[in-house]
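So this one's structure_3.cif, mmCIF, C-alpha atoms and all ligand atoms:
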data_input
loop_
_atom_site.label_atom_id
_atom_site.label_comp_id
_atom_site.auth_asym_id
_atom_site.auth_seq_id
_atom_site.Cartn_x
_atom_site.Cartn_y
_atom_site.Cartn_z
CA MET O 10 -51.23 43.27 -9.59
CA PHE O 11 -50.85 39.79 -11.10
CA SER O 12 -48.96 38.13 -8.27
CA THR O 13 -50.22 34.68 -7.35
CA ASP O 14 -50.07 35.56 -3.64
CA VAL O 15 -52.26 38.61 -4.14
CA PHE O 16 -54.72 36.56 -6.18
CA ARG O 17 -54.84 33.71 -3.65
CA ASN O 18 -55.04 35.84 -0.51
CA SER O 19 -57.00 38.90 -1.60
CA VAL O 20 -58.64 38.69 -5.03
CA ARG O 21 -59.94 35.15 -4.71
CA PRO O 22 -61.65 35.53 -1.31
CA GLU O 23 -63.32 38.69 -2.61
CA LEU O 24 -64.57 36.85 -5.71
CA TYR O 25 -65.97 34.05 -3.53
CA SER O 26 -67.73 36.55 -1.35
CA ILE O 27 -69.34 38.31 -4.36
CA ALA O 28 -70.34 34.97 -5.93
CA ASN O 29 -71.91 33.53 -2.79
CA ASN O 30 -69.21 30.88 -2.43
CA ASP O 31 -70.20 29.07 -5.62
CA PRO O 32 -66.92 28.14 -7.40
CA GLU O 33 -68.68 27.95 -10.74
CA ALA O 34 -70.13 31.44 -10.35
CA VAL O 35 -66.64 32.70 -9.45
CA HIS O 36 -65.34 31.19 -12.67
CA GLU O 37 -68.05 32.85 -14.73
CA LEU O 38 -67.33 36.16 -13.05
CA VAL O 39 -63.64 35.92 -13.98
CA LEU O 40 -64.41 35.04 -17.61
CA ALA O 41 -66.83 37.98 -17.81
CA GLN O 42 -64.18 40.29 -16.30
CA MET O 43 -61.67 39.13 -18.88
CA ARG O 44 -64.08 39.87 -21.71
CA SER O 45 -64.77 43.37 -20.48
CA ASN O 46 -61.33 44.37 -19.18
CA ALA O 47 -59.19 44.65 -22.30
CA PHE O 48 -56.65 46.83 -20.48
CA GLY O 49 -56.00 44.34 -17.67
CA VAL O 50 -55.70 41.47 -20.11
CA SER O 51 -53.29 43.32 -22.35
CA MET O 52 -51.16 44.31 -19.31
CA LEU O 53 -51.07 40.68 -18.23
CA SER O 54 -50.08 39.45 -21.66
CA ARG O 55 -47.26 42.04 -21.76
CA LEU O 56 -45.97 40.96 -18.38
CA LEU O 57 -46.13 37.30 -19.35
CA LYS O 58 -43.86 37.72 -22.34
CA GLN O 59 -43.65 34.31 -24.02
CA GLU O 60 -39.98 33.22 -24.09
CA LYS O 61 -38.83 32.11 -27.54
CA GLU O 62 -36.76 29.22 -26.15
CA LEU O 63 -39.98 27.56 -25.07
CA PHE O 64 -41.75 27.38 -28.43
CA VAL O 65 -42.28 23.93 -29.99
CA LYS O 66 -43.38 22.76 -33.46
CA ILE O 67 -46.87 21.27 -33.50
CA ASN O 68 -48.48 20.25 -36.78
CA GLY O 69 -46.28 22.67 -38.71
CA ARG O 70 -46.80 25.63 -36.36
CA SER O 71 -44.59 27.15 -33.73
CA VAL O 72 -46.56 27.01 -30.46
CA PHE O 73 -45.91 28.40 -26.96
CA PRO O 74 -46.51 25.13 -25.08
CA PHE O 75 -48.76 26.29 -22.22
CA GLY O 76 -52.51 26.15 -22.79
CA THR O 77 -55.94 26.12 -21.21
CA ALA O 78 -57.47 22.74 -20.40
CA ALA O 79 -61.01 21.87 -21.47
CA GLY O 80 -63.76 23.14 -19.21
CA LEU O 81 -61.99 26.41 -18.46
CA ASP O 82 -63.73 28.18 -21.36
CA LYS O 83 -66.41 25.67 -22.33
CA ASN O 84 -68.25 27.84 -24.85
CA GLY O 85 -65.38 29.89 -26.23
CA ASP O 86 -66.59 33.03 -24.46
CA ALA O 87 -63.09 34.33 -23.68
CA LEU O 88 -61.05 33.10 -26.64
CA LEU O 89 -59.57 36.48 -27.49
CA PRO O 90 -58.45 37.52 -23.98
CA LEU O 91 -57.10 34.04 -23.22
CA SER O 92 -55.24 33.99 -26.53
CA GLY O 93 -53.11 36.93 -25.41
CA ILE O 94 -51.89 34.95 -22.42
CA PHE O 95 -51.77 31.24 -23.32
CA GLY O 96 -50.02 29.56 -26.24
CA PHE O 97 -52.97 27.41 -27.28
CA LEU O 98 -56.61 27.10 -26.29
CA GLU O 99 -58.79 24.07 -25.72
CA PRO O 100 -62.37 25.31 -25.46
CA GLY O 101 -65.19 22.77 -24.86
CA THR O 102 -66.26 20.13 -24.33
CA LEU O 103 -68.48 21.24 -27.16
CA THR O 104 -71.64 19.29 -27.97
CA LEU O 105 -73.89 19.78 -30.96
CA ASN O 106 -76.97 20.71 -28.98
CA PHE O 107 -77.55 22.82 -25.89
CA ARG O 108 -77.18 20.83 -22.66
CA ALA O 109 -78.04 22.28 -19.27
CA GLY O 110 -75.92 19.73 -17.39
CA ASN O 111 -76.70 18.94 -13.74
CA SER O 112 -78.24 21.47 -11.40
CA ARG O 113 -76.04 23.67 -9.19
CA PRO O 114 -74.09 23.51 -6.98
CA ARG O 115 -72.05 21.02 -8.99
CA VAL O 116 -68.47 22.19 -8.35
CA ALA O 117 -66.78 21.93 -4.92
CA VAL O 118 -63.37 23.15 -3.75
CA ASP O 119 -60.88 21.32 -1.57
CA GLU O 120 -58.87 24.26 -0.19
CA LYS O 121 -56.46 22.08 1.75
CA ASN O 122 -55.37 19.81 -1.09
CA LEU O 123 -55.78 22.38 -3.89
CA ASP O 124 -58.24 20.19 -5.80
CA LEU O 125 -61.63 20.76 -7.44
CA TYR O 126 -64.53 18.30 -7.65
CA ASN O 127 -67.09 18.66 -10.40
CA ALA O 128 -70.30 16.94 -11.42
CA GLN O 129 -71.24 19.40 -14.14
CA GLY O 130 -72.52 16.73 -16.52
CA PHE O 131 -71.35 18.33 -19.78
CA PRO O 132 -73.20 21.65 -19.80
CA CYS O 133 -72.80 23.38 -23.16
CA ASN O 134 -74.48 26.14 -25.13
CA GLY O 135 -74.25 24.11 -28.35
CA ILE O 136 -72.60 24.62 -31.72
CA ASP O 137 -74.51 27.70 -32.94
CA TYR O 138 -73.40 29.67 -29.90
CA PHE O 139 -69.80 28.47 -30.21
CA MET O 140 -69.68 29.28 -33.94
CA ARG O 141 -70.48 32.91 -33.19
CA ASN O 142 -67.61 33.05 -30.69
CA ILE O 143 -65.01 31.36 -32.87
CA ALA O 144 -66.00 33.38 -35.96
CA ASN O 145 -65.70 36.55 -33.91
CA TYR O 146 -62.31 35.43 -32.58
CA ARG O 147 -60.97 34.96 -36.10
CA LYS O 148 -62.57 38.17 -37.35
CA ARG O 149 -60.84 40.11 -34.60
CA GLY O 150 -57.46 38.65 -35.54
CA GLY O 151 -57.23 35.73 -33.09
CA LYS O 152 -54.20 33.68 -34.16
CA THR O 153 -53.41 31.49 -31.15
CA PRO O 154 -54.13 27.85 -32.06
CA VAL O 155 -57.52 26.55 -30.99
CA TYR O 156 -57.82 22.80 -30.47
CA VAL O 157 -61.50 22.40 -29.72
CA ASN O 158 -62.56 19.61 -27.37
CA LEU O 159 -65.75 17.95 -28.61
CA CYS O 160 -67.97 14.92 -28.41
CA GLY O 161 -71.03 13.55 -30.16
CA MET O 162 -73.55 12.47 -27.51
CA PRO O 163 -75.16 9.02 -27.49
CA THR O 164 -78.44 10.58 -26.41
CA SER O 165 -80.81 7.66 -27.02
CA ALA O 166 -80.47 4.04 -25.96
CA ASP O 167 -81.56 2.94 -29.46
CA ASN O 168 -78.94 3.60 -32.02
CA ALA O 169 -76.74 5.42 -29.46
CA ILE O 170 -73.51 5.05 -31.38
CA GLN O 171 -74.97 6.12 -34.70
CA ILE O 172 -76.39 9.26 -33.08
CA ALA O 173 -73.03 10.11 -31.51
CA MET O 174 -71.21 9.57 -34.79
CA ASP O 175 -73.71 11.70 -36.74
CA GLU O 176 -73.32 14.51 -34.22
CA MET O 177 -69.56 14.25 -34.43
CA ARG O 178 -69.71 14.50 -38.23
CA GLU O 179 -71.84 17.64 -38.03
CA LEU O 180 -69.52 19.23 -35.45
CA LEU O 181 -66.46 18.50 -37.58
CA LYS O 182 -68.12 19.88 -40.69
CA ARG O 183 -68.93 23.18 -39.09
CA LEU O 184 -65.77 23.65 -37.05
CA THR O 185 -63.02 22.58 -39.45
CA PRO O 186 -62.67 25.92 -41.29
CA TYR O 187 -62.22 27.79 -37.99
CA VAL O 188 -60.03 25.67 -35.71
CA ASP O 189 -56.49 24.28 -35.68
CA GLY O 190 -57.32 20.93 -34.19
CA PHE O 191 -59.69 18.70 -32.27
CA VAL O 192 -59.67 16.77 -29.03
CA TRP O 193 -62.23 13.96 -28.96
CA ASN O 194 -63.38 13.59 -25.38
CA CYS O 195 -65.59 10.76 -24.23
CA ALA O 196 -63.54 10.49 -21.02
CA SER O 197 -65.76 12.57 -18.73
CA PRO O 198 -66.50 10.46 -15.65
CA ASN O 199 -69.78 12.24 -14.86
CA THR O 200 -71.70 11.35 -17.98
CA GLU O 201 -72.79 7.73 -17.97
CA ALA O 202 -73.86 7.60 -21.64
CA LEU O 203 -70.31 8.28 -22.79
CA LYS O 204 -69.13 4.88 -21.57
CA THR O 205 -70.67 3.25 -24.64
CA LEU O 206 -68.12 5.13 -26.78
CA ARG O 207 -65.02 3.89 -24.97
CA THR O 208 -64.08 0.97 -27.19
CA ARG O 209 -61.22 0.41 -29.61
CA GLU O 210 -63.66 0.09 -32.54
CA ILE O 211 -65.39 3.40 -31.85
CA ALA O 212 -62.09 5.19 -31.26
CA HIS O 213 -60.93 3.83 -34.62
CA ALA O 214 -64.10 4.87 -36.44
CA THR O 215 -64.10 8.34 -34.85
CA SER O 216 -60.47 8.91 -35.70
CA ALA O 217 -61.05 7.78 -39.31
CA MET O 218 -63.92 10.26 -39.58
CA MET O 219 -61.79 13.05 -38.12
CA LYS O 220 -59.02 12.30 -40.60
CA GLU O 221 -61.41 12.23 -43.53
CA MET O 222 -63.06 15.52 -42.57
CA ALA O 223 -60.07 17.42 -41.19
CA PRO O 224 -56.95 15.88 -42.73
CA ASP O 225 -54.70 18.89 -42.03
CA LYS O 226 -55.80 19.58 -38.45
CA LEU O 227 -54.30 18.22 -35.25
CA ARG O 228 -56.45 15.29 -34.06
CA LEU O 229 -56.17 14.19 -30.43
CA ILE O 230 -58.00 11.87 -28.03
CA LYS O 231 -58.48 12.62 -24.33
CA ILE O 232 -58.11 9.89 -21.74
CA TRP O 233 -58.99 9.37 -18.09
CA PRO O 234 -56.55 8.66 -15.22
CA TYR O 235 -55.89 4.94 -14.95
CA GLU O 236 -54.33 2.71 -12.29
CA PRO O 237 -51.29 0.68 -13.37
CA GLN O 238 -53.36 -2.52 -13.52
CA ASP O 239 -55.96 -0.86 -15.81
CA LYS O 240 -53.51 0.33 -18.42
CA GLU O 241 -54.20 -2.28 -21.09
CA PRO O 242 -57.79 -1.37 -22.06
CA VAL O 243 -56.91 2.34 -22.05
CA PHE O 244 -53.98 1.77 -24.40
CA ASP O 245 -56.11 -0.47 -26.58
CA PHE O 246 -58.64 2.38 -26.87
CA VAL O 247 -55.91 4.91 -27.69
CA GLY O 248 -54.35 2.41 -30.10
CA GLY O 249 -57.58 2.28 -32.12
CA PHE O 250 -57.57 6.06 -32.40
CA MET O 251 -53.90 6.25 -33.41
CA GLU O 252 -54.15 3.39 -35.89
CA ALA O 253 -56.79 5.27 -37.89
CA GLY O 254 -54.58 8.36 -38.22
CA GLY O 255 -54.90 10.17 -34.89
CA ASN O 256 -52.01 12.47 -33.99
CA GLY O 257 -51.93 12.22 -30.23
CA ILE O 258 -53.35 12.20 -26.74
CA VAL O 259 -54.44 14.62 -24.00
CA THR O 260 -53.83 13.11 -20.56
CA THR O 261 -55.53 13.24 -18.17
CA ASN O 262 -59.18 13.96 -17.39
CA THR O 263 -60.60 14.08 -13.85
CA LYS O 264 -60.88 11.01 -11.62
CA MET O 265 -64.17 9.80 -10.19
CA PHE O 266 -64.64 9.95 -6.40
CA PRO O 267 -67.68 8.83 -4.36
CA ARG O 268 -69.84 11.29 -2.43
CA SER O 269 -68.43 10.14 0.92
CA GLU O 270 -65.00 11.51 -0.04
CA ILE O 271 -66.11 14.89 -1.37
CA PRO O 272 -65.31 17.74 1.05
CA ALA O 273 -68.58 19.66 0.59
CA ALA O 274 -71.12 20.19 3.34
CA GLU O 275 -73.95 19.18 1.03
CA TRP O 276 -73.35 17.40 -2.23
CA GLY O 277 -76.31 16.43 -4.37
CA TYR O 278 -74.57 13.80 -6.49
CA GLN O 279 -73.33 10.25 -6.00
CA SER O 280 -69.87 11.18 -7.17
CA ALA O 281 -67.68 13.85 -8.77
CA GLY O 282 -64.59 14.12 -10.94
CA ARG O 283 -61.58 15.30 -8.97
CA SER O 284 -58.87 17.43 -10.56
CA GLY O 285 -55.83 19.38 -9.38
CA ARG O 286 -52.81 18.49 -7.32
CA PHE O 287 -53.64 14.85 -6.61
CA LEU O 288 -53.74 14.11 -10.37
CA LYS O 289 -50.10 14.90 -10.96
CA PRO O 290 -48.73 11.35 -10.44
CA TYR O 291 -51.44 9.97 -12.77
CA MET O 292 -50.56 12.59 -15.34
CA THR O 293 -46.79 11.99 -15.16
CA ARG O 294 -47.00 8.20 -15.32
CA SER O 295 -49.46 8.25 -18.22
CA VAL O 296 -47.34 10.73 -20.19
CA ARG O 297 -44.30 8.51 -19.82
CA GLU O 298 -46.16 5.31 -20.71
CA LEU O 299 -47.90 6.92 -23.68
CA ARG O 300 -44.60 8.33 -24.97
CA ALA O 301 -43.12 4.82 -24.80
CA ALA O 302 -46.08 3.22 -26.55
CA PHE O 303 -46.71 5.96 -29.16
CA PRO O 304 -43.27 7.51 -29.74
CA ASP O 305 -44.32 9.82 -32.58
CA SER O 306 -47.53 11.13 -31.04
CA VAL O 307 -48.25 14.64 -29.80
CA ILE O 308 -48.77 14.38 -26.03
CA VAL O 309 -50.55 17.10 -24.09
CA ALA O 310 -50.21 16.83 -20.30
CA THR O 311 -52.81 18.14 -17.88
CA GLY O 312 -53.44 17.40 -14.21
CA GLY O 313 -52.01 19.26 -11.24
CA ILE O 314 -49.44 21.44 -13.03
CA TYR O 315 -48.98 24.10 -10.33
CA SER O 316 -45.35 25.09 -10.83
CA GLY O 317 -42.39 25.20 -13.17
CA ASP O 318 -41.18 21.95 -11.60
CA ASP O 319 -44.50 20.24 -12.36
CA ALA O 320 -44.41 21.38 -15.98
CA TYR O 321 -40.75 20.45 -16.27
CA ASP O 322 -41.53 16.93 -15.01
CA ALA O 323 -44.23 16.62 -17.67
CA PHE O 324 -41.79 17.66 -20.41
CA MET O 325 -39.07 15.36 -19.07
CA ASN O 326 -41.49 12.45 -19.16
CA GLY O 327 -42.36 13.04 -22.80
CA ALA O 328 -44.99 15.80 -23.04
CA ASP O 329 -45.00 18.18 -26.02
CA LEU O 330 -47.48 20.62 -24.50
CA VAL O 331 -48.91 21.25 -21.04
CA GLU O 332 -52.25 22.75 -20.08
CA GLY O 333 -54.23 23.47 -16.92
CA TYR O 334 -57.49 24.44 -15.30
CA THR O 335 -57.61 23.85 -11.52
CA PRO O 336 -54.26 25.50 -10.66
CA TYR O 337 -55.38 28.77 -12.27
CA THR O 338 -58.53 28.81 -10.15
CA PHE O 339 -56.40 28.85 -6.99
CA TYR O 340 -53.58 31.16 -8.12
CA GLY O 341 -54.93 33.22 -11.03
CA LEU O 342 -53.49 33.67 -14.49
CA GLY O 343 -50.25 35.17 -13.13
CA LEU O 344 -49.37 31.55 -12.31
CA LEU O 345 -48.42 31.07 -15.95
CA GLY O 346 -45.56 33.54 -15.48
CA GLU O 347 -44.26 31.54 -12.52
CA ILE O 348 -44.56 28.26 -14.37
CA GLN O 349 -42.71 29.68 -17.36
CA LYS O 350 -39.98 31.14 -15.15
CA GLY O 351 -39.58 27.87 -13.27
CA VAL O 352 -39.22 25.88 -16.49
CA MET O 353 -36.61 28.34 -17.82
CA GLU O 354 -34.61 28.07 -14.58
CA ARG O 355 -34.62 24.27 -14.67
CA MET O 356 -33.62 24.27 -18.33
CA LYS O 357 -30.73 26.56 -17.59
CA LYS O 358 -29.60 24.47 -14.65
CA ASP O 359 -29.70 21.28 -16.72
CA GLY O 360 -27.91 22.92 -19.67
CA PHE O 361 -30.73 22.95 -22.24
CA ALA O 362 -30.84 25.89 -24.65
CA SER O 363 -34.43 25.22 -25.70
CA ILE O 364 -37.43 23.15 -24.72
CA GLU O 365 -37.12 21.19 -27.95
CA GLU O 366 -33.59 20.19 -26.98
CA LEU O 367 -34.92 19.05 -23.59
CA GLN O 368 -37.73 17.09 -25.24
CA ALA O 369 -35.37 15.35 -27.66
CA LYS O 370 -33.10 14.33 -24.79
CA ALA O 371 -36.04 13.16 -22.68
CA ARG O 372 -37.28 10.97 -25.52
CA GLN O 373 -33.93 9.22 -25.81
CA GLY O 374 -34.36 8.06 -22.24
CA ILE O 375 -37.86 6.67 -22.76
CA ASN O 376 -37.65 3.32 -24.47
CA PRO O 377 -40.32 2.64 -27.05
CA GLN O 378 -42.44 -0.37 -26.17
CA PRO O 379 -42.29 -3.27 -28.61
C1 LIG O 401 -64.94 22.35 -13.37
C2 LIG O 401 -64.23 21.52 -14.39
C3 LIG O 401 -64.85 21.28 -15.62
C4 LIG O 401 -64.21 20.48 -16.58
N1 LIG O 401 -64.83 20.28 -17.78
C5 LIG O 401 -64.21 19.52 -18.73
C6 LIG O 401 -64.81 19.33 -19.99
O1 LIG O 401 -65.87 19.85 -20.30
N2 LIG O 401 -64.16 18.51 -20.87
C7 LIG O 401 -62.95 17.92 -20.59
O2 LIG O 401 -62.40 17.22 -21.44
N3 LIG O 401 -62.35 18.13 -19.40
C8 LIG O 401 -62.95 18.91 -18.47
N4 LIG O 401 -62.33 19.12 -17.27
C9 LIG O 401 -61.04 18.44 -17.00
C10 LIG O 401 -59.83 19.32 -17.32
O3 LIG O 401 -59.78 19.64 -18.68
C11 LIG O 401 -58.52 18.59 -16.95
O4 LIG O 401 -58.40 17.43 -17.73
C12 LIG O 401 -58.45 18.18 -15.49
O5 LIG O 401 -59.12 19.09 -14.65
C13 LIG O 401 -57.00 18.05 -15.02
O6 LIG O 401 -56.28 19.26 -15.14
P1 LIG O 401 -56.13 20.34 -13.94
O7 LIG O 401 -55.62 19.60 -12.74
O8 LIG O 401 -55.18 21.35 -14.49
O9 LIG O 401 -57.48 20.89 -13.72
C14 LIG O 401 -62.94 19.93 -16.31
C15 LIG O 401 -62.32 20.20 -15.08
C16 LIG O 401 -62.94 20.99 -14.14
C17 LIG O 401 -62.24 21.27 -12.85
#
When written as structure tokens, how does the structure in this file appear?
Amino acid sequence: MFSTDVFRNSVRPELYSIANNDPEAVHELVLAQMRSNAFGVSMLSRLLKQEKELFVKINGRSVFPFGTAAGLDKNGDALLPLSGIFGFLEPGTLTLNFRAGNSRPRVAVDEKNLDLYNAQGFPCNGIDYFMRNIANYRKRGGKTPVYVNLCGMPTSADNAIQIAMDEMRELLKRLTPYVDGFVWNCASPNTEALKTLRTREIAHATSAMMKEMAPDKLRLIKIWPYEPQDKEPVFDFVGGFMEAGGNGIVTTNTKMFPRSEIPAAEWGYQSAGRSGRFLKPYMTRSVRELRAAFPDSVIVATGGIYSGDDAYDAFMNGADLVEGYTPYTFYGLGLLGEIQKGVMERMKKDGFASIEELQAKARQGINPQP
């Protein structure tokens, strides 16, 4: 019932046919199914028994290190069902106010390369809507850590940064009692206004605000995929965040591609962010370089993690946690079972009794940068 082959070859084509071939509508259909099908979700969570050897310590809590990446459940609509399957959840990107985003279609699928392209433009139902979902999640006993991905929006050209910071403060104020951590994301390639936030000074100021308002919560920054020659400004940006008390980094967001390279018959936008298989080398290199530069940080890897081997590579290069979005859209949630099994097999083969032992060994081999 939860085999990845069955999902890929039978369930998925059926979903696409019902949803008129719109990948975003397919996604919404699956989230709605999860909310209404408690039996199926509880069967899946039983079958995906979380192995105790894989748990890691994050901010004082023991966490099963496989989570959902941002965008998968933007508004926290499926927190409870997802919490029975994954070890941590990253809903969002959450913005203070409602945003419609770009008009549809705004997500395209590359079936051959197992990638997705999106130009969603930060759609979000806003904080009031999300607060109802997260309060409900806690009321119904939801315990899986929630690290909400969020961003204040520089909505006006005048005073853009002040507006973004004020929004961020309001989001933090309302969310702190309900969540386990935050991921500050101004790395979306589809939203031009966010570029004004990508400086060392703003990363520093945002991180200081996060620390002041949520001193006990996990505080992370999300980055974009960078080419080797563009590493310095990215690490300067991350450095500002870490210097002011940030705990770590989520790497990596989608990568911008021009319209001419997007495999959709009609595409209404100049570009789109590409995610999935092709991101894996960006993800792996950035994890390793971040681990070397910020040895004590919490590193969350995302980008093309389709198998146990992919996840294992992320851990071996210095990741503490891994998360995904695109792979689950091709193979369904049963993929998590295969990823977990693959990691366990590799650990056994390499003689590691636990993932923490593997991570400690991996870190010894990654030399801190001066
Ligand atoms: C349709 C779609 C929407 C996304 N929306 C967000 C978002 O709102 N915020 C964010 O930080 N990342 C967003 N992402 C990026 C993912 O969180 C992730 O960083 C990226 O897709 C790489 O992981 P993957 O290959 O497992 O998908 C989105 C990705 C996709 C495919």
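Pairwise distance (atom CA of Ile308 of chain O, atom CA of Leu181 of chain O) equals 21.5 Å.
When all atoms listed in the file are used to compute distances to ligand LIG 401 (chain O), the closest of the residues O:Leu184, O:Leu88, O:Val50, O:Met292 turns out to be O:Met292.
The binding environment of ligand LIG 401 (chain O), defined as every protein, DNA or RNA residue with an atom no more than 6 Å away and counting only C-alpha atoms and all ligand atoms, comprises Ala78, Ala79, Gly80, Gly101, Thr102, Leu125, Asn127, Phe131, Asn194, Thr261, Asn262, Thr263, Ser284, Gly285, Thr311, Gly312, Gly313, Ile314, Gly333, Tyr334, Thr335 and Pro336 of chain O.
Interatomic distance, atom CA of Leu229 of chain O against atom CA of Leu89 of chain O: 22.7 Å.
Using all atoms listed in the file, the shortest contact distance between Ser280 of chain O and any of O:Gly93, O:Pro198, O:Gly317, O:Gly346 is found at O:Pro198.
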Contact residues around Ala212 of chain O with all atoms listed in the file at 8 Å, ignoring same-chain residues under 4 positions, as a CSV table (one decimal) with C-alpha atoms, keeping the file's coordinate frame:
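So the final result, stored in part07.csv, reads:
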chain,number,residue,atom,x,y,z
O,206,LEU,CA,-68.1,5.1,-26.8
O,207,ARG,CA,-65.0,3.9,-25.0
O,208,THR,CA,-64.1,1.0,-27.2
O,216,SER,CA,-60.5,8.9,-35.7
O,246,PHE,CA,-58.6,2.4,-26.9
O,247,VAL,CA,-55.9,4.9,-27.7
O,249,GLY,CA,-57.6,2.3,-32.1
O,250,PHE,CA,-57.6,6.1,-32.4
Practice problem: Extract, using all atoms listed in the file, all DNA, RNA and protein residues at most 12 Å from Arg149 of chain O, discarding same-chain residues fewer than 4 positions from it, and format them as an NGL selection string. | Solution: :O and (88-90 or 92 or 142-145 or 153)
Could you save those same residues with C-alpha atoms as a PDB file, in the frame of the given file?
ATOM      1  CA  LEU O  88     -61.050  33.100 -26.640  1.00  0.00           C
ATOM      2  CA  LEU O  89     -59.570  36.480 -27.490  1.00  0.00           C
ATOM      3  CA  PRO O  90     -58.450  37.520 -23.980  1.00  0.00           C
ATOM      4  CA  SER O  92     -55.240  33.990 -26.530  1.00  0.00           C
ATOM      5  CA  ASN O 142     -67.610  33.050 -30.690  1.00  0.00           C
ATOM      6  CA  ILE O 143     -65.010  31.360 -32.870  1.00  0.00           C
ATOM      7  CA  ALA O 144     -66.000  33.380 -35.960  1.00  0.00           C
ATOM      8  CA  ASN O 145     -65.700  36.550 -33.910  1.00  0.00           C
ATOM      9  CA  THR O 153     -53.410  31.490 -31.150  1.00  0.00           C
TER      10      THR O 153
END
Quiz prompt | Coordinates-based distance that separates atom CA of Gly190 of chain O from atom CA of Ala214 of chain O (Å, one decimal) | solution = 17.6 Å
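With distances restricted to all atoms listed in the file, O:Arg297 is the closest residue to Arg372 of chain O from O:Arg297, O:Arg115, O:Lys204, O:Lys264.
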Quiz prompt | Distance query Gly135 of chain O at most 12 Å, all atoms listed in the file, self and fewer than 6 positions along chain excluded, as a PyMOL selection string | solution = chain O and resi 83-85+101-110+141-142+159-162+176+179-180
Can you rebuild segment 102-106 of chain O with all heavy atoms and give it as an mmCIF file, keeping the file's coordinate frame?
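Below is the file that was written, rebuild39.cif:
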data_model
loop_
_atom_site.group_PDB
_atom_site.id
_atom_site.type_symbol
_atom_site.label_atom_id
_atom_site.label_comp_id
_atom_site.auth_asym_id
_atom_site.auth_seq_id
_atom_site.Cartn_x
_atom_site.Cartn_y
_atom_site.Cartn_z
ATOM 1 N N THR O 102 -65.785 21.035 -23.303
ATOM 2 C CA THR O 102 -66.260 20.130 -24.330
ATOM 3 C C THR O 102 -67.489 20.706 -25.011
ATOM 4 O O THR O 102 -68.481 21.072 -24.353
ATOM 5 C CB THR O 102 -66.599 18.753 -23.739
ATOM 6 O OG1 THR O 102 -65.423 18.171 -23.202
ATOM 7 C CG2 THR O 102 -67.187 17.808 -24.759
ATOM 8 N N LEU O 103 -67.409 20.712 -26.347
ATOM 9 C CA LEU O 103 -68.480 21.240 -27.160
ATOM 10 C C LEU O 103 -69.371 20.087 -27.621
ATOM 11 O O LEU O 103 -68.866 19.065 -28.110
ATOM 12 C CB LEU O 103 -67.862 21.967 -28.360
ATOM 13 C CG LEU O 103 -68.822 22.543 -29.380
ATOM 14 C CD1 LEU O 103 -69.706 23.624 -28.756
ATOM 15 C CD2 LEU O 103 -68.037 23.136 -30.547
ATOM 16 N N THR O 104 -70.680 20.262 -27.452
ATOM 17 C CA THR O 104 -71.640 19.290 -27.970
ATOM 18 C C THR O 104 -72.492 19.973 -29.034
ATOM 19 O O THR O 104 -72.569 21.202 -29.066
ATOM 20 C CB THR O 104 -72.549 18.740 -26.846
ATOM 21 O OG1 THR O 104 -73.219 19.842 -26.214
ATOM 22 C CG2 THR O 104 -71.748 17.979 -25.802
ATOM 23 N N LEU O 105 -73.121 19.187 -29.864
ATOM 24 C CA LEU O 105 -73.890 19.780 -30.960
ATOM 25 C C LEU O 105 -75.058 20.623 -30.438
ATOM 26 O O LEU O 105 -75.266 21.753 -30.861
ATOM 27 C CB LEU O 105 -74.409 18.658 -31.875
ATOM 28 C CG LEU O 105 -75.083 19.112 -33.152
ATOM 29 C CD1 LEU O 105 -74.093 19.815 -34.070
ATOM 30 C CD2 LEU O 105 -75.713 17.923 -33.868
ATOM 31 N N ASN O 106 -75.771 20.042 -29.490
ATOM 32 C CA ASN O 106 -76.970 20.710 -28.980
ATOM 33 C C ASN O 106 -76.738 21.311 -27.602
ATOM 34 O O ASN O 106 -75.828 20.893 -26.895
ATOM 35 C CB ASN O 106 -78.126 19.709 -28.917
ATOM 36 C CG ASN O 106 -78.433 19.177 -30.302
ATOM 37 O OD1 ASN O 106 -78.605 19.944 -31.246
ATOM 38 N ND2 ASN O 106 -78.436 17.859 -30.442
#
